[in-house]
$ cat structure_37.csv   # CSV, C-alpha atoms
chain,number,residue,atom,x,y,z
P,117,ASN,CA,-19.5,-28.9,-12.5
P,118,ALA,CA,-18.7,-25.4,-13.9
P,119,GLY,CA,-19.9,-23.5,-10.8
P,120,VAL,CA,-19.0,-19.8,-11.2
P,121,THR,CA,-17.3,-18.8,-14.4
P,122,GLN,CA,-15.7,-15.4,-15.0
P,123,THR,CA,-14.4,-13.8,-18.1
P,124,PRO,CA,-11.9,-12.5,-19.0
P,125,LYS,CA,-9.2,-13.9,-16.7
P,126,PHE,CA,-6.8,-11.1,-17.5
P,127,GLN,CA,-7.2,-7.6,-19.0
P,128,VAL,CA,-5.1,-4.5,-19.4
P,129,LEU,CA,-6.8,-1.2,-20.0
P,130,LYS,CA,-5.7,2.4,-20.4
P,131,THR,CA,-7.1,5.1,-18.2
P,132,GLY,CA,-10.5,6.1,-19.4
P,133,GLN,CA,-11.3,3.0,-21.3
P,134,SER,CA,-14.4,0.9,-20.5
P,135,MET,CA,-14.9,-2.8,-20.1
P,136,THR,CA,-17.3,-5.4,-18.8
P,137,LEU,CA,-16.5,-8.4,-16.6
P,138,GLN,CA,-18.8,-11.3,-17.2
P,139,CYS,CA,-20.0,-13.8,-14.6
P,140,ALA,CA,-22.3,-16.8,-14.9
P,141,GLN,CA,-23.3,-19.5,-12.4
P,142,ASP,CA,-25.0,-22.8,-13.0
P,143,MET,CA,-26.1,-23.6,-9.5
P,144,ASN,CA,-29.5,-21.9,-9.6
P,145,HIS,CA,-28.4,-19.5,-6.9
P,146,ASN,CA,-30.6,-16.4,-6.2
P,147,SER,CA,-27.8,-14.1,-5.0
P,148,MET,CA,-24.7,-13.0,-6.8
P,149,TYR,CA,-21.8,-10.7,-5.8
P,150,TRP,CA,-18.8,-8.8,-7.1
P,151,TYR,CA,-15.8,-8.4,-4.9
P,152,ARG,CA,-12.4,-6.8,-5.4
P,153,GLN,CA,-9.2,-8.1,-3.7
P,154,ASP,CA,-6.3,-5.8,-3.0
P,155,PRO,CA,-3.2,-6.7,-0.9
P,156,GLY,CA,-3.7,-6.3,2.8
P,157,MET,CA,-7.4,-5.3,2.4
P,158,GLY,CA,-9.1,-8.7,2.0
P,159,LEU,CA,-12.2,-8.8,-0.1
P,160,ARG,CA,-14.4,-5.7,-0.4
P,161,LEU,CA,-17.9,-5.9,-1.8
P,162,ILE,CA,-18.6,-3.8,-4.8
P,163,TYR,CA,-22.2,-4.7,-5.7
P,164,TYR,CA,-24.5,-7.6,-5.1
P,165,SER,CA,-27.8,-8.8,-6.5
P,166,ALA,CA,-30.1,-10.6,-4.1
P,167,SER,CA,-32.4,-11.8,-6.9
P,168,GLU,CA,-33.0,-11.5,-10.6
P,169,GLY,CA,-33.9,-7.9,-11.3
P,170,THR,CA,-32.4,-6.3,-8.2
P,171,THR,CA,-29.0,-4.9,-7.4
P,172,ASP,CA,-27.5,-3.1,-4.4
P,173,LYS,CA,-24.4,-1.2,-3.6
P,174,GLY,CA,-21.7,-2.7,-1.4
P,175,GLU,CA,-18.8,-1.2,0.3
P,176,VAL,CA,-16.9,0.2,-2.7
P,177,PRO,CA,-19.4,0.9,-5.6
P,178,ASN,CA,-18.0,4.1,-7.0
P,179,GLY,CA,-16.8,3.8,-10.6
P,180,TYR,CA,-18.7,0.6,-11.2
P,181,ASN,CA,-22.1,-0.5,-12.6
P,182,VAL,CA,-23.7,-3.9,-12.6
P,183,SER,CA,-26.4,-5.7,-14.5
P,184,ARG,CA,-28.2,-8.8,-13.4
P,185,LEU,CA,-29.1,-10.0,-16.9
P,186,ASN,CA,-31.0,-13.1,-15.7
P,187,LYS,CA,-30.7,-15.6,-12.9
P,188,ARG,CA,-27.4,-17.0,-14.2
P,189,GLU,CA,-25.5,-13.9,-15.2
P,190,PHE,CA,-24.2,-10.8,-13.3
P,191,SER,CA,-21.9,-8.4,-15.1
P,192,LEU,CA,-19.6,-5.7,-13.7
P,193,ARG,CA,-18.9,-2.6,-15.9
P,194,LEU,CA,-16.2,0.0,-15.6
P,195,GLU,CA,-17.3,3.0,-17.6
P,196,SER,CA,-14.1,5.0,-17.4
P,197,ALA,CA,-11.2,2.9,-15.9
P,198,ALA,CA,-8.8,4.5,-13.4
P,199,PRO,CA,-5.5,3.2,-12.1
P,200,SER,CA,-7.1,2.8,-8.6
P,201,GLN,CA,-9.3,0.1,-10.2
P,202,THR,CA,-6.3,-2.1,-10.8
P,203,SER,CA,-7.2,-5.2,-8.8
P,204,VAL,CA,-8.4,-8.8,-8.9
P,205,TYR,CA,-12.1,-9.1,-9.2
P,206,PHE,CA,-14.1,-12.1,-8.0
P,207,CYS,CA,-17.6,-13.0,-8.7
P,208,ALA,CA,-19.5,-15.2,-6.3
P,209,SER,CA,-22.9,-16.7,-5.9
P,210,ARG,CA,-24.6,-17.7,-2.6
P,211,ASP,CA,-26.1,-20.9,-1.5
P,212,ASN,CA,-29.9,-20.6,-1.3
P,213,ALA,CA,-30.0,-22.2,2.1
P,214,ASN,CA,-29.4,-18.7,3.5
P,215,THR,CA,-26.4,-19.6,5.6
P,216,GLY,CA,-24.1,-17.2,3.8
P,217,GLU,CA,-21.8,-19.7,2.1
P,218,LEU,CA,-20.4,-18.3,-1.1
P,219,PHE,CA,-19.0,-20.0,-4.2
P,220,PHE,CA,-16.3,-18.1,-6.1
P,221,GLY,CA,-15.1,-17.8,-9.6
P,222,GLU,CA,-11.4,-18.0,-10.3
P,223,GLY,CA,-11.0,-14.2,-10.6
P,224,SER,CA,-10.3,-11.6,-13.2
P,225,ARG,CA,-7.0,-9.7,-12.9
P,226,LEU,CA,-7.4,-6.2,-14.2
P,227,THR,CA,-4.6,-3.7,-14.7
P,228,VAL,CA,-5.3,-0.1,-15.6
P,229,LEU,CA,-2.3,1.9,-16.9
Y,114,ALA,CA,-22.9,-4.2,11.7
Y,115,GLN,CA,-20.5,-7.2,11.7
Y,116,SER,CA,-16.8,-6.9,11.4
Y,117,VAL,CA,-13.9,-9.4,11.2
Y,118,THR,CA,-10.3,-9.0,12.4
Y,119,GLN,CA,-7.6,-11.4,11.4
Y,120,LEU,CA,-4.8,-10.6,13.8
Y,121,ASP,CA,-1.9,-11.7,11.7
Y,122,SER,CA,-1.3,-10.7,8.1
Y,123,GLN,CA,1.5,-13.3,7.7
Y,124,VAL,CA,2.3,-16.5,9.5
Y,125,PRO,CA,5.5,-18.4,8.6
Y,126,VAL,CA,5.9,-21.9,10.1
Y,127,PHE,CA,8.1,-24.9,9.5
Y,128,GLU,CA,6.7,-28.0,7.8
Y,129,GLU,CA,5.1,-30.4,10.3
Y,130,ALA,CA,4.8,-27.7,12.9
Y,131,PRO,CA,1.4,-26.7,14.4
Y,132,VAL,CA,-0.2,-23.5,13.4
Y,133,GLU,CA,-3.0,-21.2,14.6
Y,134,LEU,CA,-4.6,-18.4,12.5
Y,135,ARG,CA,-6.5,-16.0,14.6
Y,136,CYS,CA,-9.9,-14.5,13.9
Y,137,ASN,CA,-12.1,-12.3,16.0
Y,138,TYR,CA,-15.5,-10.9,15.0
Y,139,SER,CA,-17.9,-8.4,16.3
Y,140,SER,CA,-21.7,-8.8,16.1
Y,141,SER,CA,-24.6,-8.1,18.3
Y,142,VAL,CA,-26.6,-11.1,17.0
Y,143,SER,CA,-25.9,-14.8,16.3
Y,144,VAL,CA,-23.5,-15.4,13.5
Y,145,TYR,CA,-22.4,-17.9,10.9
Y,146,LEU,CA,-18.6,-18.2,10.6
Y,147,PHE,CA,-16.5,-19.3,7.8
Y,148,TRP,CA,-12.9,-20.0,6.8
Y,149,TYR,CA,-12.0,-19.7,3.2
Y,150,VAL,CA,-8.7,-20.7,1.6
Y,151,GLN,CA,-7.1,-19.2,-1.5
Y,152,TYR,CA,-4.3,-21.1,-3.2
Y,153,PRO,CA,-2.0,-19.1,-5.4
Y,154,ASN,CA,-3.7,-17.7,-8.5
Y,155,GLN,CA,-7.0,-19.3,-7.6
Y,156,GLY,CA,-10.4,-18.2,-6.3
Y,157,LEU,CA,-11.5,-18.7,-2.7
Y,158,GLN,CA,-12.7,-22.1,-1.6
Y,159,LEU,CA,-14.7,-22.9,1.6
Y,160,LEU,CA,-12.5,-24.7,4.1
Y,161,LEU,CA,-15.0,-25.0,7.0
Y,162,LYS,CA,-18.0,-23.4,8.5
Y,163,TYR,CA,-19.8,-23.0,11.8
Y,164,LEU,CA,-23.6,-22.6,11.6
Y,165,SER,CA,-24.8,-24.1,14.9
Y,166,GLY,CA,-24.3,-27.0,17.2
Y,167,SER,CA,-20.9,-28.3,18.1
Y,168,THR,CA,-18.5,-25.4,18.5
Y,169,LEU,CA,-15.6,-27.4,17.0
Y,170,VAL,CA,-15.7,-27.9,13.3
Y,171,GLU,CA,-13.3,-29.8,11.1
Y,172,SER,CA,-12.2,-29.8,7.5
Y,173,ILE,CA,-11.3,-32.8,5.4
Y,174,ASN,CA,-7.6,-31.8,5.2
Y,175,GLY,CA,-6.9,-31.7,9.0
Y,176,PHE,CA,-7.8,-28.1,9.8
Y,177,GLU,CA,-10.2,-27.3,12.7
Y,178,ALA,CA,-11.7,-24.2,14.1
Y,179,GLU,CA,-13.5,-23.6,17.4
Y,180,PHE,CA,-16.3,-21.1,17.9
Y,181,ASN,CA,-15.9,-19.3,21.1
Y,182,LYS,CA,-18.9,-17.1,21.8
Y,183,SER,CA,-17.6,-15.4,24.9
Y,184,GLN,CA,-14.3,-14.4,23.2
Y,185,THR,CA,-16.0,-13.8,19.9
Y,186,SER,CA,-13.3,-15.8,18.2
Y,187,PHE,CA,-13.1,-18.5,15.5
Y,188,HIS,CA,-9.4,-19.4,15.4
Y,189,LEU,CA,-8.2,-21.9,12.8
Y,190,ARG,CA,-5.7,-24.6,13.8
Y,191,LYS,CA,-3.8,-27.5,12.3
Y,192,PRO,CA,-1.6,-29.7,14.4
Y,193,SER,CA,0.9,-30.4,11.6
Y,194,VAL,CA,1.1,-28.4,8.4
Y,195,HIS,CA,2.3,-29.5,5.0
Y,196,ILE,CA,3.9,-27.5,2.2
Y,197,SER,CA,0.6,-27.8,0.3
Y,198,ASP,CA,-1.1,-25.7,3.0
Y,199,THR,CA,0.7,-22.6,1.7
Y,200,ALA,CA,-2.1,-20.2,0.9
Y,201,GLU,CA,-4.0,-17.2,2.1
Y,202,TYR,CA,-6.7,-17.8,4.6
Y,203,PHE,CA,-9.8,-15.6,5.1
Y,204,CYS,CA,-12.2,-15.6,8.0
Y,205,ALA,CA,-15.7,-14.4,7.3
Y,206,VAL,CA,-18.9,-13.7,9.2
Y,207,SER,CA,-22.6,-13.6,8.2
Y,208,ILE,CA,-25.8,-13.4,10.1
Y,209,GLU,CA,-29.0,-15.3,9.3
Y,210,GLY,CA,-31.0,-13.6,6.6
Y,211,ALA,CA,-28.3,-11.2,5.7
Y,212,GLN,CA,-27.2,-10.8,2.1
Y,213,LYS,CA,-23.6,-10.0,2.8
Y,214,LEU,CA,-20.6,-12.0,4.0
Y,215,VAL,CA,-18.0,-9.8,5.7
Y,216,PHE,CA,-14.4,-10.9,5.2
Y,217,GLY,CA,-11.3,-10.3,7.3
Y,218,GLN,CA,-8.1,-8.9,5.8
Y,219,GLY,CA,-6.6,-12.4,5.2
Y,220,THR,CA,-3.6,-14.3,6.7
Y,221,ARG,CA,-0.9,-15.5,4.4
Y,222,LEU,CA,0.4,-18.9,5.6
Y,223,THR,CA,3.9,-19.7,4.5
Y,224,ILE,CA,5.3,-23.2,5.1
Y,225,ASN,CA,9.1,-23.5,5.2
Y,226,PRO,CA,10.7,-26.9,4.6
$ encode --input "structure_37.csv" --output "structure tokens"
Amino acid sequence: NAGVTQTPKFQVLKTGQSMTLQCAQDMNHNSMYWYRQDPGMGLRLIYYSASEGTTDKGEVPNGYNVSRLNKREFSLRLESAAPSQTSVYFCASRDNANTGELFFGEGSRLTVL
Amino acid sequence: AQSVTQLDSQVPVFEEAPVELRCNYSSSVSVYLFWYVQYPNQGLQLLLKYLSGSTLVESINGFEAEFNKSQTSFHLRKPSVHISDTAEYFCAVSIEGAQKLVFGQGTRLTINP
């Protein structure tokens, strides 16, 4: 019952460094999502992938890239990290029943100095 | 486009008191509605959802929410809260066939003994 697994759970970067957040789901879901959570702002969608081989921008895509490696995995890359990208990042996958229900990972806390 | 407004950013209550967390949405079409809960240092978990049918939906831990179409609301209630209910609660909306789930800003529920 792994569900959605994210790595790493914590990361500290210096401004300008790059890193990739990894996400995998074992529920055979078609759609996967990356959100960021900031105090008082709820969850904001960065990118999503409706199916293997497709990706689309969400509300706040600037400074990020994504790769839908296969049906299970959806990674988020920061090419040149900025302090404004300090946040908690959540990966999620969506129930194929098309009702919109999401299943979340435990989050990755990123600090950019 | 859909949007969600959670009217209170923080709600402090005493243990065993009733609580209501307010959520209003805007959409020109039929919606699916969700409440998610986030316990400290964890990801989001689905608390309850409204897809269709009865407008009153319940969770296994005593929460309930009522879909009110005329007032475009989906308020969350519990008649008697427990310390373990301390968490942040997110209201979210989706429409059939849509890829995205739109979240409110969150309400932090604090239970005082």
$ atom_distance --input "structure_37.csv" --atom1 "CA of Thr199 (chain Y)" --atom2 "CA of Arg221 (chain Y)"
7.8 Å
$ atom_distance --input "structure_37.csv" --atom1 "CA of Asp142 (chain P)" --atom2 "CA of Arg188 (chain P)"
6.4 Å
$ interface_residues --input "structure_37.csv" --of "chain Y" --to "chain P" --cutoff "8 Å" --atoms "all atoms listed in the file" --output "list of chain:residue names"
Y:Ser122, Y:Tyr145, Y:Phe147, Y:Asn154, Y:Gln155, Y:Gly156, Y:Leu157, Y:Gln158, Y:Leu159, Y:Leu164, Y:Phe203, Y:Ser207, Y:Ile208, Y:Glu209, Y:Gly210, Y:Ala211, Y:Gln212, Y:Lys213, Y:Leu214, Y:Phe216, Y:Gly217, Y:Gln218, Y:Gly219
$ residues_around --input "structure_37.csv" --residues "Leu222 (chain Y)" --least-positions-apart "6" --cutoff "6 Å" --atoms "all atoms listed in the file" --output "ChimeraX atom specification"
/Y:124-125,199-201
$ closest_residue --input "structure_37.csv" --among "Y:Val215, Y:Val206, Y:Thr185, Y:Leu146" --to "Val170 (chain Y)" --atoms "only C-alpha atoms"
Y:Leu146
$ atom_distance --input "structure_37.csv" --atom1 "CA of Gln138 (chain P)" --atom2 "CA of Ser209 (chain P)"
13.2 Å
$ closest_residue --input "structure_37.csv" --among "Y:Ser172, Y:Asn225, Y:Ser116, Y:Asn137" --to "His188 (chain Y)" --atoms "all atoms listed in the file"
Y:Asn137
$ residues_around --input "structure_37.csv" --residues "Arg184 (chain P)" --least-positions-apart "3" --cutoff "12 Å" --atoms "all atoms listed in the file" --output "PDB file with C-alpha atoms, keeping the file's coordinate frame"
ATOM      1  CA  GLN P 138     -18.800 -11.300 -17.200  1.00  0.00           C
ATOM      2  CA  CYS P 139     -20.000 -13.800 -14.600  1.00  0.00           C
ATOM      3  CA  ALA P 140     -22.300 -16.800 -14.900  1.00  0.00           C
ATOM      4  CA  GLN P 141     -23.300 -19.500 -12.400  1.00  0.00           C
ATOM      5  CA  ASN P 146     -30.600 -16.400  -6.200  1.00  0.00           C
ATOM      6  CA  SER P 147     -27.800 -14.100  -5.000  1.00  0.00           C
ATOM      7  CA  MET P 148     -24.700 -13.000  -6.800  1.00  0.00           C
ATOM      8  CA  TYR P 149     -21.800 -10.700  -5.800  1.00  0.00           C
ATOM      9  CA  TRP P 150     -18.800  -8.800  -7.100  1.00  0.00           C
ATOM     10  CA  TYR P 163     -22.200  -4.700  -5.700  1.00  0.00           C
ATOM     11  CA  TYR P 164     -24.500  -7.600  -5.100  1.00  0.00           C
ATOM     12  CA  SER P 165     -27.800  -8.800  -6.500  1.00  0.00           C
ATOM     13  CA  ALA P 166     -30.100 -10.600  -4.100  1.00  0.00           C
ATOM     14  CA  SER P 167     -32.400 -11.800  -6.900  1.00  0.00           C
ATOM     15  CA  GLU P 168     -33.000 -11.500 -10.600  1.00  0.00           C
ATOM     16  CA  GLY P 169     -33.900  -7.900 -11.300  1.00  0.00           C
ATOM     17  CA  THR P 170     -32.400  -6.300  -8.200  1.00  0.00           C
ATOM     18  CA  THR P 171     -29.000  -4.900  -7.400  1.00  0.00           C
ATOM     19  CA  ASP P 172     -27.500  -3.100  -4.400  1.00  0.00           C
ATOM     20  CA  ASN P 181     -22.100  -0.500 -12.600  1.00  0.00           C
ATOM     21  CA  LYS P 187     -30.700 -15.600 -12.900  1.00  0.00           C
ATOM     22  CA  ARG P 188     -27.400 -17.000 -14.200  1.00  0.00           C
ATOM     23  CA  GLU P 189     -25.500 -13.900 -15.200  1.00  0.00           C
ATOM     24  CA  PHE P 190     -24.200 -10.800 -13.300  1.00  0.00           C
ATOM     25  CA  SER P 191     -21.900  -8.400 -15.100  1.00  0.00           C
ATOM     26  CA  LEU P 192     -19.600  -5.700 -13.700  1.00  0.00           C
ATOM     27  CA  ARG P 193     -18.900  -2.600 -15.900  1.00  0.00           C
TER      28      ARG P 193
END
$ residues_around --input "structure_37.csv" --residues "Ser197 (chain Y)" --least-positions-apart "2" --cutoff "12 Å" --atoms "all atoms listed in the file" --output "compact mmCIF listing (two decimals) with C-alpha atoms, in the frame of the given file"
# COMPACT_ATOMS: atom_id res chain seq x y z
CA GLU Y 128 6.70 -28.00 7.80
CA GLU Y 129 5.10 -30.40 10.30
CA VAL Y 150 -8.70 -20.70 1.60
CA GLN Y 151 -7.10 -19.20 -1.50
CA TYR Y 152 -4.30 -21.10 -3.20
CA PRO Y 153 -2.00 -19.10 -5.40
CA ASN Y 174 -7.60 -31.80 5.20
CA SER Y 193 0.90 -30.40 11.60
CA VAL Y 194 1.10 -28.40 8.40
CA HIS Y 195 2.30 -29.50 5.00
CA THR Y 199 0.70 -22.60 1.70
CA ALA Y 200 -2.10 -20.20 0.90
CA GLU Y 201 -4.00 -17.20 2.10
CA LEU Y 222 0.40 -18.90 5.60
CA THR Y 223 3.90 -19.70 4.50
CA ILE Y 224 5.30 -23.20 5.10
CA ASN Y 225 9.10 -23.50 5.20
CA PRO Y 226 10.70 -26.90 4.60
$ residues_near_point --input "structure_37.csv" --point "(-16.8, -1.9, -22.9)" --cutoff "10 Å" --atoms "all atoms listed in the file" --output "list in words"
Gln133, Ser134, Met135, Thr136, Leu137, Arg193, Leu194, Glu195 and Ser196 of chain P
$ write_last_selection --input "structure_37.csv" --atoms "C-alpha atoms" --output "PDB file, in the frame of the given file"
ATOM      1  CA  GLN P 133     -11.300   3.000 -21.300  1.00  0.00           C
ATOM      2  CA  SER P 134     -14.400   0.900 -20.500  1.00  0.00           C
ATOM      3  CA  MET P 135     -14.900  -2.800 -20.100  1.00  0.00           C
ATOM      4  CA  THR P 136     -17.300  -5.400 -18.800  1.00  0.00           C
ATOM      5  CA  LEU P 137     -16.500  -8.400 -16.600  1.00  0.00           C
ATOM      6  CA  ARG P 193     -18.900  -2.600 -15.900  1.00  0.00           C
ATOM      7  CA  LEU P 194     -16.200   0.000 -15.600  1.00  0.00           C
ATOM      8  CA  GLU P 195     -17.300   3.000 -17.600  1.00  0.00           C
ATOM      9  CA  SER P 196     -14.100   5.000 -17.400  1.00  0.00           C
TER      10      SER P 196
END
$ residues_around --input "structure_37.csv" --residues "Pro199 (chain P)" --least-positions-apart "5" --cutoff "7 Å" --atoms "all atoms listed in the file" --output "list of chain:residue names"
P:Thr131, P:Val228, P:Leu229
$ closest_residue --input "structure_37.csv" --among "Y:Gln119, Y:Ser186, Y:Thr168, Y:Asn181" --to "Leu134 (chain Y)" --atoms "all atoms listed in the file"
Y:Gln119
$ closest_residue --input "structure_37.csv" --among "Y:Ala178, Y:Val144, Y:Cys136, Y:Leu161" --to "Thr118 (chain Y)" --atoms "all atoms listed in the file"
Y:Cys136
$ closest_residue --input "structure_37.csv" --among "Y:Gln184, Y:Ile196, Y:Gln123, Y:Phe176" --to "Trp148 (chain Y)" --atoms "all atoms listed in the file"
Y:Phe176
